[in-house]
file model_24.txt (compact mmCIF, C-alpha atoms)
# COMPACT_ATOMS: atom_id res chain seq x y z
CA MET A 87 136.28 75.73 117.05
CA CYS A 88 133.56 78.35 117.54
CA CYS A 89 134.61 79.92 114.23
CA TRP A 90 133.21 76.91 112.39
CA THR A 91 130.05 76.50 114.42
CA SER A 92 126.86 77.31 112.50
CA ALA A 93 128.88 78.89 109.69
CA THR A 94 129.55 77.98 106.10
CA PRO A 95 133.10 76.72 105.41
CA VAL A 96 133.92 79.88 103.45
CA LYS A 97 132.77 82.25 106.22
CA ALA A 98 134.49 80.12 108.88
CA ALA A 99 137.77 80.39 106.97
CA GLU A 100 137.34 84.17 106.68
CA ARG A 101 136.85 84.49 110.45
CA LEU A 102 140.03 82.49 110.99
CA HIS A 103 141.90 84.67 108.46
CA LEU A 104 142.76 81.51 106.49
CA SER A 105 142.03 80.29 103.01
CA GLN A 106 139.32 77.63 102.80
CA PRO A 107 141.84 74.84 101.96
CA ALA A 108 144.01 75.85 104.94
CA ALA A 109 140.99 75.84 107.27
CA SER A 110 139.91 72.44 105.98
CA ALA A 111 143.44 71.09 106.52
CA ALA A 112 143.44 72.38 110.11
CA LEU A 113 140.08 70.70 110.74
CA ALA A 114 141.43 67.45 109.30
CA ARG A 115 144.37 67.57 111.73
CA LEU A 116 142.01 68.11 114.66
CA ARG A 117 139.88 65.16 113.54
CA ASP A 118 142.92 62.94 113.24
CA TYR A 119 144.32 64.00 116.62
CA PHE A 120 141.09 63.56 118.60
CA GLY A 121 139.67 60.65 116.62
CA ASP A 122 136.35 62.47 116.30
CA PRO A 123 134.61 64.24 113.37
CA ILE A 124 134.53 67.45 115.49
CA LEU A 125 132.11 69.04 112.99
CA THR A 126 129.45 67.46 110.81
CA SER A 127 127.66 68.91 107.79
CA TYR A 128 124.12 70.15 108.24
CA GLY A 129 122.93 71.55 104.95
CA LYS A 130 125.51 74.20 104.00
CA ARG A 131 126.61 74.68 107.60
CA MET A 132 128.84 72.84 110.04
CA MET A 133 127.56 71.72 113.45
CA PRO A 134 129.75 70.55 116.38
CA THR A 135 129.67 67.00 117.65
CA ALA A 136 128.99 66.25 121.32
CA PHE A 137 132.73 65.75 121.85
CA ALA A 138 133.50 69.14 120.29
CA LEU A 139 130.97 70.84 122.56
CA ALA A 140 132.65 69.22 125.56
CA LEU A 141 135.98 70.71 124.42
CA HIS A 142 134.62 74.22 124.01
CA GLN A 143 134.87 75.57 127.58
CA PRO A 144 138.28 73.99 128.42
CA THR A 145 139.69 75.33 125.15
CA LYS A 146 138.24 78.77 125.85
CA ASP A 147 139.83 78.76 129.32
CA VAL A 148 143.27 77.82 127.95
CA LEU A 149 143.14 80.54 125.28
CA ALA A 150 142.10 83.10 127.91
CA GLN A 151 145.15 82.17 130.00
CA VAL A 152 147.41 82.57 126.96
CA ASP A 153 145.83 85.95 126.17
CA ARG A 154 146.33 87.08 129.77
CA LEU A 155 150.00 86.03 129.67
CA ILE A 156 150.62 87.97 126.46
CA THR A 157 148.97 91.18 127.67
CA GLN A 158 150.70 91.08 131.05
CA THR A 159 154.15 90.74 129.53
CA SER A 160 153.73 93.15 126.62
CA ALA A 161 155.08 96.68 126.97
CA PHE A 162 153.13 99.50 125.36
CA ASP A 163 154.77 102.61 123.94
CA PRO A 164 152.19 104.91 122.28
CA LEU A 165 154.83 106.66 120.17
CA LYS A 166 156.10 103.38 118.72
CA SER A 167 152.97 101.23 118.69
CA ASP A 168 151.19 100.30 115.45
CA ARG A 169 148.52 98.34 117.30
CA TRP A 170 144.97 97.98 116.07
CA PHE A 171 142.29 98.88 118.63
CA ARG A 172 138.94 97.32 117.81
CA ILE A 173 136.19 99.27 119.53
CA GLY A 174 132.42 98.78 119.57
CA VAL A 175 130.94 102.28 119.71
CA SER A 176 127.73 104.03 118.66
CA ASP A 177 127.69 106.89 116.20
CA TYR A 178 126.54 109.14 119.06
CA LEU A 179 129.76 108.48 120.99
CA SER A 180 131.81 108.67 117.81
CA THR A 181 130.38 112.13 117.25
CA ILE A 182 130.90 113.58 120.73
CA LEU A 183 134.17 111.82 121.68
CA PHE A 184 136.05 110.37 118.75
CA ALA A 185 136.06 113.60 116.77
CA ASP A 186 138.52 114.78 119.45
CA LEU A 187 140.10 111.40 120.12
CA VAL A 188 141.33 110.87 116.55
CA PRO A 189 143.52 114.03 116.35
CA ARG A 190 144.66 113.37 119.92
CA LEU A 191 145.87 109.92 118.91
CA ALA A 192 147.52 111.33 115.79
CA ALA A 193 149.69 113.50 118.06
CA LEU A 194 150.35 111.05 120.88
CA ALA A 195 150.37 107.74 119.04
CA PRO A 196 150.66 108.31 115.29
CA GLY A 197 151.01 104.61 114.43
CA ILE A 198 147.91 103.41 116.27
CA ARG A 199 144.98 102.27 114.12
CA LEU A 200 141.28 102.13 114.99
CA ASP A 201 138.57 99.71 113.89
CA LEU A 202 135.29 101.28 115.03
CA GLN A 203 132.33 98.92 114.86
CA PRO A 204 128.72 99.98 115.43
CA PRO A 205 126.51 98.34 118.06
CA SER A 206 125.02 95.09 116.80
CA ASP A 207 123.36 91.90 117.97
CA GLU A 208 126.81 90.24 117.97
CA MET A 209 128.74 92.90 119.90
CA LEU A 210 128.81 91.15 123.28
CA GLY A 211 129.81 87.89 121.62
CA LEU A 212 132.67 89.65 119.83
CA LEU A 213 133.89 91.06 123.14
CA ASP A 214 133.61 87.66 124.84
CA ARG A 215 135.66 86.03 122.06
CA GLY A 216 138.31 88.74 122.25
CA GLU A 217 137.46 90.09 118.79
CA LEU A 218 136.76 93.53 120.27
CA ASP A 219 139.19 95.28 122.62
CA LEU A 220 136.64 97.69 124.07
CA ILE A 221 132.96 98.40 123.92
CA LEU A 222 131.36 101.69 124.95
CA THR A 223 127.77 101.05 125.97
CA PRO A 224 125.14 101.72 128.66
CA THR A 225 125.27 99.56 131.79
CA GLU A 226 122.20 97.63 130.68
CA HIS A 227 123.96 96.42 127.54
CA CYS A 228 127.25 95.36 129.15
CA HIS A 229 128.45 91.76 129.25
CA PRO A 230 127.93 90.38 132.79
CA GLY A 231 131.24 88.49 132.80
CA HIS A 232 133.75 91.26 132.09
CA PRO A 233 135.01 94.41 133.90
CA THR A 234 133.48 97.84 133.31
CA GLU A 235 134.45 101.42 134.11
CA LEU A 236 132.10 104.40 134.25
CA LEU A 237 132.85 106.86 131.45
CA PHE A 238 130.14 109.42 132.23
CA GLU A 239 126.49 109.83 133.15
CA GLU A 240 124.10 111.14 130.51
CA LYS A 241 120.75 112.90 130.84
CA TYR A 242 118.08 112.74 128.15
CA VAL A 243 116.20 115.71 126.70
CA VAL A 244 113.46 116.27 124.14
CA ALA A 245 114.67 117.93 120.94
CA GLY A 246 113.14 119.33 117.79
CA TRP A 247 113.52 121.81 114.96
CA SER A 248 114.11 125.41 116.08
CA GLY A 249 111.03 126.39 114.10
CA ASN A 250 108.79 123.88 115.88
CA ALA A 251 106.06 125.94 117.61
CA VAL A 252 105.52 123.40 120.41
CA LEU A 253 109.11 123.95 121.63
CA GLN A 254 108.73 127.72 121.88
CA LYS A 255 107.24 127.21 125.37
CA PRO A 256 107.77 124.63 128.11
CA LEU A 257 106.66 121.26 126.78
CA SER A 258 103.91 119.38 128.61
CA GLU A 259 103.72 115.61 128.89
CA HIS A 260 100.53 115.74 126.81
CA ASP A 261 102.36 117.61 124.02
CA PHE A 262 105.21 115.09 124.16
CA TYR A 263 102.88 112.20 123.41
CA ALA A 264 100.58 114.11 121.04
CA HIS A 265 103.30 114.89 118.49
CA GLY A 266 105.02 112.56 116.06
CA HIS A 267 108.47 111.26 116.96
CA VAL A 268 111.73 110.13 115.42
CA ALA A 269 113.19 107.07 117.20
CA VAL A 270 116.37 105.00 116.88
CA GLU A 271 116.68 101.22 116.49
CA MET A 272 119.84 99.34 115.64
CA GLY A 273 120.81 95.82 114.60
CA ARG A 274 119.12 93.16 112.50
CA THR A 275 116.78 92.28 115.37
CA SER A 276 116.09 95.93 116.31
CA ARG A 277 118.43 96.27 119.27
CA VAL A 278 116.43 98.53 121.58
CA THR A 279 118.20 101.62 122.87
CA PHE A 280 118.36 102.76 126.50
CA ALA A 281 115.86 105.55 125.84
CA GLU A 282 113.35 103.30 124.08
CA THR A 283 113.55 100.70 126.84
CA HIS A 284 112.71 103.19 129.58
CA LEU A 285 110.05 104.99 127.56
CA LYS A 286 108.24 101.68 127.07
CA ASP A 287 108.44 101.09 130.82
CA ARG A 288 106.28 104.21 131.28
CA GLY A 289 103.41 102.44 129.54
CA ASN A 290 102.46 105.31 127.17
CA GLU A 291 102.81 104.84 123.42
CA ARG A 292 104.46 107.56 121.36
CA LYS A 293 103.49 108.31 117.78
CA ILE A 294 106.71 107.11 116.14
CA GLU A 295 106.66 108.26 112.52
CA ILE A 296 110.31 107.63 111.56
CA TYR A 297 112.83 105.02 112.68
CA ALA A 298 116.49 105.90 112.13
CA ALA A 299 119.43 103.49 112.26
CA SER A 300 121.75 106.00 113.92
CA PHE A 301 121.57 108.75 116.55
CA SER A 302 123.45 111.30 114.44
CA LEU A 303 120.82 111.09 111.70
CA VAL A 304 117.97 112.14 114.03
CA PRO A 305 118.65 115.92 114.04
CA GLU A 306 118.50 116.04 110.24
CA LEU A 307 115.14 114.25 110.30
CA LEU A 308 113.68 116.82 112.70
CA VAL A 309 114.52 119.94 110.67
CA GLY A 310 111.48 121.49 108.96
CA THR A 311 108.99 119.29 110.83
CA SER A 312 106.88 119.35 114.01
CA ARG A 313 108.33 116.00 115.12
CA LEU A 314 110.15 115.48 118.41
CA ALA A 315 112.91 113.12 119.53
CA ILE A 316 114.31 112.03 122.85
CA MET A 317 118.04 112.72 122.62
CA HIS A 318 121.26 112.43 124.61
CA GLU A 319 121.88 115.84 126.20
CA ARG A 320 125.50 115.91 124.99
CA LEU A 321 124.44 115.30 121.39
CA ALA A 322 121.67 117.90 121.74
CA LYS A 323 124.18 120.47 123.00
CA MET A 324 126.44 119.82 120.05
CA VAL A 325 123.77 120.06 117.36
CA ARG A 326 122.11 123.08 119.02
CA SER A 327 125.28 125.05 118.34
CA ARG A 328 124.51 124.75 114.61
CA GLY A 329 121.28 126.71 115.07
CA GLU A 330 118.60 124.39 113.65
CA ILE A 331 117.86 122.24 116.73
CA VAL A 332 116.58 123.27 120.17
CA TYR A 333 115.89 121.14 123.21
CA GLN A 334 114.18 121.14 126.60
CA PRO A 335 114.17 118.92 129.69
CA LEU A 336 111.83 115.96 129.42
CA PRO A 337 108.41 116.78 130.93
CA PHE A 338 108.57 113.74 133.24
CA GLU A 339 111.07 111.88 135.41
CA PHE A 340 113.53 109.81 133.40
CA PRO A 341 116.56 107.75 134.51
CA VAL A 342 120.11 108.90 133.93
CA MET A 343 122.10 106.66 131.62
CA LYS A 344 125.50 105.38 132.77
CA GLU A 345 127.83 105.13 129.78
CA MET A 346 130.44 102.45 130.44
CA VAL A 347 133.73 101.27 128.96
CA GLN A 348 134.06 97.49 128.99
CA TYR A 349 136.95 95.18 128.11
CA HIS A 350 137.63 91.45 128.35
CA LYS A 351 138.61 90.22 131.80
CA THR A 352 141.89 88.88 130.39
CA ARG A 353 142.80 92.44 129.27
CA ALA A 354 142.40 94.06 132.69
CA ASP A 355 146.19 94.47 133.03
CA ASP A 356 146.85 95.26 129.37
CA PRO A 357 148.78 98.59 129.39
CA GLY A 358 147.52 99.44 125.90
CA ILE A 359 143.90 99.03 126.94
CA LYS A 360 144.48 101.11 130.08
CA TRP A 361 146.10 103.86 128.00
CA MET A 362 143.27 103.92 125.44
CA VAL A 363 140.58 104.05 128.14
CA ALA A 364 142.41 107.01 129.71
CA GLN A 365 142.48 108.87 126.37
CA ILE A 366 138.75 108.31 125.83
CA ALA A 367 138.05 109.59 129.37
CA LYS A 368 140.11 112.75 128.70
CA CYS A 369 138.10 113.44 125.55
CA SER A 370 134.90 113.08 127.61
CA GLU A 371 136.21 115.69 130.08
CA LYS A 372 137.16 118.01 127.21
CA PHE A 373 133.65 117.79 125.76
CA ASN A 374 132.12 118.67 129.13
CA GLN A 375 134.31 121.76 129.41
CA LYS A 376 133.47 122.86 125.86
CA PHE A 377 129.70 122.44 126.15
CA LYS A 378 128.94 123.46 129.74

call {"tool": "encode", "arguments": {"input": "model_24.txt", "output": "structure tokens"}}
result
Amino acid sequence: MCCWTSATPVKAAERLHLSQPAASAALARLRDYFGDPILTSYGKRMMPTAFALALHQPTKDVLAQVDRLITQTSAFDPLKSDRWFRIGVSDYLSTILFADLVPRLAALAPGIRLDLQPPSDEMLGLLDRGELDLILTPTEHCHPGHPTELLFEEKYVVAGWSGNAVLQKPLSEHDFYAHGHVAVEMGRTSRVTFAETHLKDRGNERKIEIYAASFSLVPELLVGTSRLAIMHERLAKMVRSRGEIVYQPLPFEFPVMKEMVQYHKTRADDPGIKWMVAQIAKCSEKFNQKFK
């Protein structure tokens, strides 16, 4: 029912993986069975009736029980599986982990397929509806109703071009705020990152001169400039190996980020989910060994 709510008929049908006539026929059957319109037109969108809203939570609970039954009784064989894994993951994590995970999966589970979706305003809703199998995100961005596991802890550093004179000596807090910065914002409503949230808590305003939509783009935007960026230490280590980026510790106290893996509570006993989480964790360990 939620697939129709606040959506056009065409988009609702797409989310249900049905043609529009088939979706309309299904809605007609629901109306006939319950003796209620279920959805009413509001402009070009469909809005639920009071009766439909009352059905939402009981229906969600029943579907969760069915999902739990399926995952508990399903065997998982990586060598034979052709399962899709739908994962919400930032480009930063894709860069430092999935570059190793993909060839690992090709060897251990050649039939498995990945659908990697970037962080968005809808990510937690997709997880809650079971449309994502996993999300990899800081603790602060996790859904409060579903299990999490710690993947790793991440420090932040200040990075810049190797030719940036201010980074040729230990950076002062004054220098940090005096120079222009590259920052990251994601999502249609500017989903604020962990780093930006805690920098704003300090009360000092940076001179942000460029906003980027991805973490992996930031190093390229620093090259040849005097700008700075606050960066995940793991990403900074990786890009420093290319020679154009250098980094230093932040010139003030800053919290450590806890990067989590989260899945739907009905998937807690899903052997496929457990296996995939273990593979991601092994890639995290491999990265740490490579970039000590």

call {"tool": "closest_residue", "arguments": {"input": "model_24.txt", "among": "A:Met133, A:Cys228, A:Met324, A:Leu200", "to": "His350 of chain A", "atoms": "only C-alpha atoms"}}
result
A:Cys228

call {"tool": "axis_aligned_box", "arguments": {"input": "model_24.txt", "around": "segment 341-344 of chain A", "padding_each_side": "6 Å", "output": "JSON"}}
result
{"center_x": 121.0, "center_y": 107.1, "center_z": 133.1, "size_x": 20.9, "size_y": 15.5, "size_z": 14.9}

call {"tool": "residues_around", "arguments": {"input": "model_24.txt", "residues": "Arg172 of chain A", "least_positions_apart": "3", "cutoff": "7 Å", "atoms": "all atoms listed in the file", "output": "PyMOL selection string"}}
result
chain A and resi 200-202+218-220

call {"tool": "closest_residue", "arguments": {"input": "model_24.txt", "among": "A:Phe340, A:Phe120, A:Phe262, A:Tyr333", "to": "Gly246 of chain A", "atoms": "all atoms listed in the file"}}
result
A:Tyr333

call {"tool": "residues_around", "arguments": {"input": "model_24.txt", "residues": "Arg190 of chain A", "least_positions_apart": "6", "cutoff": "12 Å", "atoms": "only C-alpha atoms", "output": "ChimeraX atom specification"}}
result
/A:164,183-184,196,198,362,364-366,368-369,372

call {"tool": "atom_distance", "arguments": {"input": "model_24.txt", "atom1": "atom CA of Ala298 of chain A", "atom2": "atom CA of Val268 of chain A"}}
result
7.2 Å

call {"tool": "residues_near_point", "arguments": {"input": "model_24.txt", "point": "(108.5, 119.8, 135.2)", "cutoff": "9 Å", "atoms": "only C-alpha atoms", "output": "MDAnalysis selection string"}}
result
chainID A and resid 256:259 335:339

call {"tool": "atom_distance", "arguments": {"input": "model_24.txt", "atom1": "atom CA of Met209 of chain A", "atom2": "atom CA of Ser105 of chain A"}}
result
24.9 Å

call {"tool": "closest_residue", "arguments": {"input": "model_24.txt", "among": "A:Pro134, A:Asn290, A:Thr352, A:Leu191", "to": "Gly231 of chain A", "atoms": "all atoms listed in the file"}}
result
A:Thr352

call {"tool": "residues_around", "arguments": {"input": "model_24.txt", "residues": "Pro233 of chain A", "least_positions_apart": "2", "cutoff": "9 Å", "atoms": "all atoms listed in the file", "output": "JSON list (two decimals) with C-alpha atoms, in the coordinates of the input"}}
result
[["chain", "number", "residue", "atom", "x", "y", "z"],
["A", 229, "HIS", "CA", 128.45, 91.76, 129.25],
["A", 230, "PRO", "CA", 127.93, 90.38, 132.79],
["A", 231, "GLY", "CA", 131.24, 88.49, 132.80],
["A", 235, "GLU", "CA", 134.45, 101.42, 134.11],
["A", 347, "VAL", "CA", 133.73, 101.27, 128.96],
["A", 348, "GLN", "CA", 134.06, 97.49, 128.99],
["A", 349, "TYR", "CA", 136.95, 95.18, 128.11],
["A", 350, "HIS", "CA", 137.63, 91.45, 128.35],
["A", 351, "LYS", "CA", 138.61, 90.22, 131.80],
["A", 354, "ALA", "CA", 142.40, 94.06, 132.69]]

call {"tool": "closest_atom_pairs", "arguments": {"input": "model_24.txt", "of": "segment 100-215 of chain A", "to": "segment 299-308 of chain A", "cutoff": "12 Å", "atoms": "all atoms listed in the file", "output": "Markdown table"}}
result
| residue | atom | partner | partner_atom | distance |
| --- | --- | --- | --- | --- |
| A:Val175 | CA | A:Ser300 | CA | 11.5 |
| A:Ser176 | CA | A:Ser300 | CA | 7.9 |
| A:Asp177 | CA | A:Ser302 | CA | 6.4 |
| A:Tyr178 | CA | A:Phe301 | CA | 5.6 |
| A:Leu179 | CA | A:Phe301 | CA | 9.3 |
| A:Ser180 | CA | A:Ser302 | CA | 9.4 |
| A:Thr181 | CA | A:Ser302 | CA | 7.5 |
| A:Ile182 | CA | A:Ser302 | CA | 10.0 |
| A:Pro204 | CA | A:Ser300 | CA | 9.3 |
| A:Pro205 | CA | A:Ser300 | CA | 9.9 |
| A:Ser206 | CA | A:Ala299 | CA | 11.1 |

call {"tool": "atom_distance", "arguments": {"input": "model_24.txt", "atom1": "atom CA of Arg115 of chain A", "atom2": "atom CA of Ser127 of chain A"}}
result
17.2 Å

call {"tool": "closest_residue", "arguments": {"input": "model_24.txt", "among": "A:Gln334, A:Gly197, A:Leu104, A:His260", "to": "Ser167 of chain A", "atoms": "all atoms listed in the file"}}
result
A:Gly197

call {"tool": "residues_around", "arguments": {"input": "model_24.txt", "residues": "Glu319 of chain A", "least_positions_apart": "6", "cutoff": "8 Å", "atoms": "only C-alpha atoms", "output": "list in words"}}
result
Glu240, Lys241, Tyr242 and Val243 of chain A

call {"tool": "closest_residue", "arguments": {"input": "model_24.txt", "among": "A:Arg292, A:Lys286, A:Lys344, A:Arg199", "to": "Glu239 of chain A", "atoms": "all atoms listed in the file"}}
result
A:Lys344

call {"tool": "closest_residue", "arguments": {"input": "model_24.txt", "among": "A:Leu141, A:Ala193, A:Val252, A:Met346", "to": "His232 of chain A", "atoms": "only C-alpha atoms"}}
result
A:Met346

call {"tool": "build_atoms", "arguments": {"input": "model_24.txt", "residues": "segment 332-344 of chain A", "atoms": "N, CA, C and O atoms", "output": "compact mmCIF listing (two decimals), keeping the file's coordinate frame"}}
result
# COMPACT_ATOMS: atom_id res chain seq x y z
N VAL A 332 116.70 122.79 118.80
CA VAL A 332 116.58 123.27 120.17
C VAL A 332 116.15 122.08 121.03
O VAL A 332 115.67 121.07 120.52
N TYR A 333 116.32 122.23 122.35
CA TYR A 333 115.89 121.14 123.21
C TYR A 333 115.43 121.67 124.55
O TYR A 333 115.71 122.81 124.93
N GLN A 334 114.69 120.82 125.27
CA GLN A 334 114.18 121.14 126.60
C GLN A 334 114.34 119.90 127.49
O GLN A 334 114.51 118.79 126.99
N PRO A 335 114.22 120.10 128.81
CA PRO A 335 114.17 118.92 129.69
C PRO A 335 112.94 118.09 129.36
O PRO A 335 111.91 118.61 128.89
N LEU A 336 113.00 116.81 129.59
CA LEU A 336 111.83 115.96 129.42
C LEU A 336 110.75 116.38 130.42
O LEU A 336 111.07 116.74 131.56
N PRO A 337 109.49 116.33 130.03
CA PRO A 337 108.41 116.78 130.93
C PRO A 337 107.97 115.72 131.94
O PRO A 337 106.85 115.76 132.44
N PHE A 338 108.85 114.78 132.25
CA PHE A 338 108.57 113.74 133.24
C PHE A 338 109.90 113.19 133.73
O PHE A 338 110.95 113.42 133.13
N GLU A 339 109.86 112.48 134.85
CA GLU A 339 111.07 111.88 135.41
C GLU A 339 111.60 110.81 134.47
O GLU A 339 110.83 110.02 133.90
N PHE A 340 112.93 110.79 134.30
CA PHE A 340 113.53 109.81 133.40
C PHE A 340 114.91 109.44 133.95
O PHE A 340 115.64 110.32 134.43
N PRO A 341 115.28 108.15 133.91
CA PRO A 341 116.56 107.75 134.51
C PRO A 341 117.77 108.30 133.77
O PRO A 341 117.71 108.56 132.56
N VAL A 342 118.83 108.49 134.51
CA VAL A 342 120.11 108.90 133.93
C VAL A 342 120.81 107.66 133.39
O VAL A 342 120.81 106.61 134.02
N MET A 343 121.38 107.78 132.22
CA MET A 343 122.10 106.66 131.62
C MET A 343 123.56 106.67 132.07
O MET A 343 124.20 107.73 132.08
N LYS A 344 124.09 105.52 132.44
CA LYS A 344 125.50 105.38 132.77
C LYS A 344 126.22 104.77 131.57
O LYS A 344 126.00 103.63 131.22
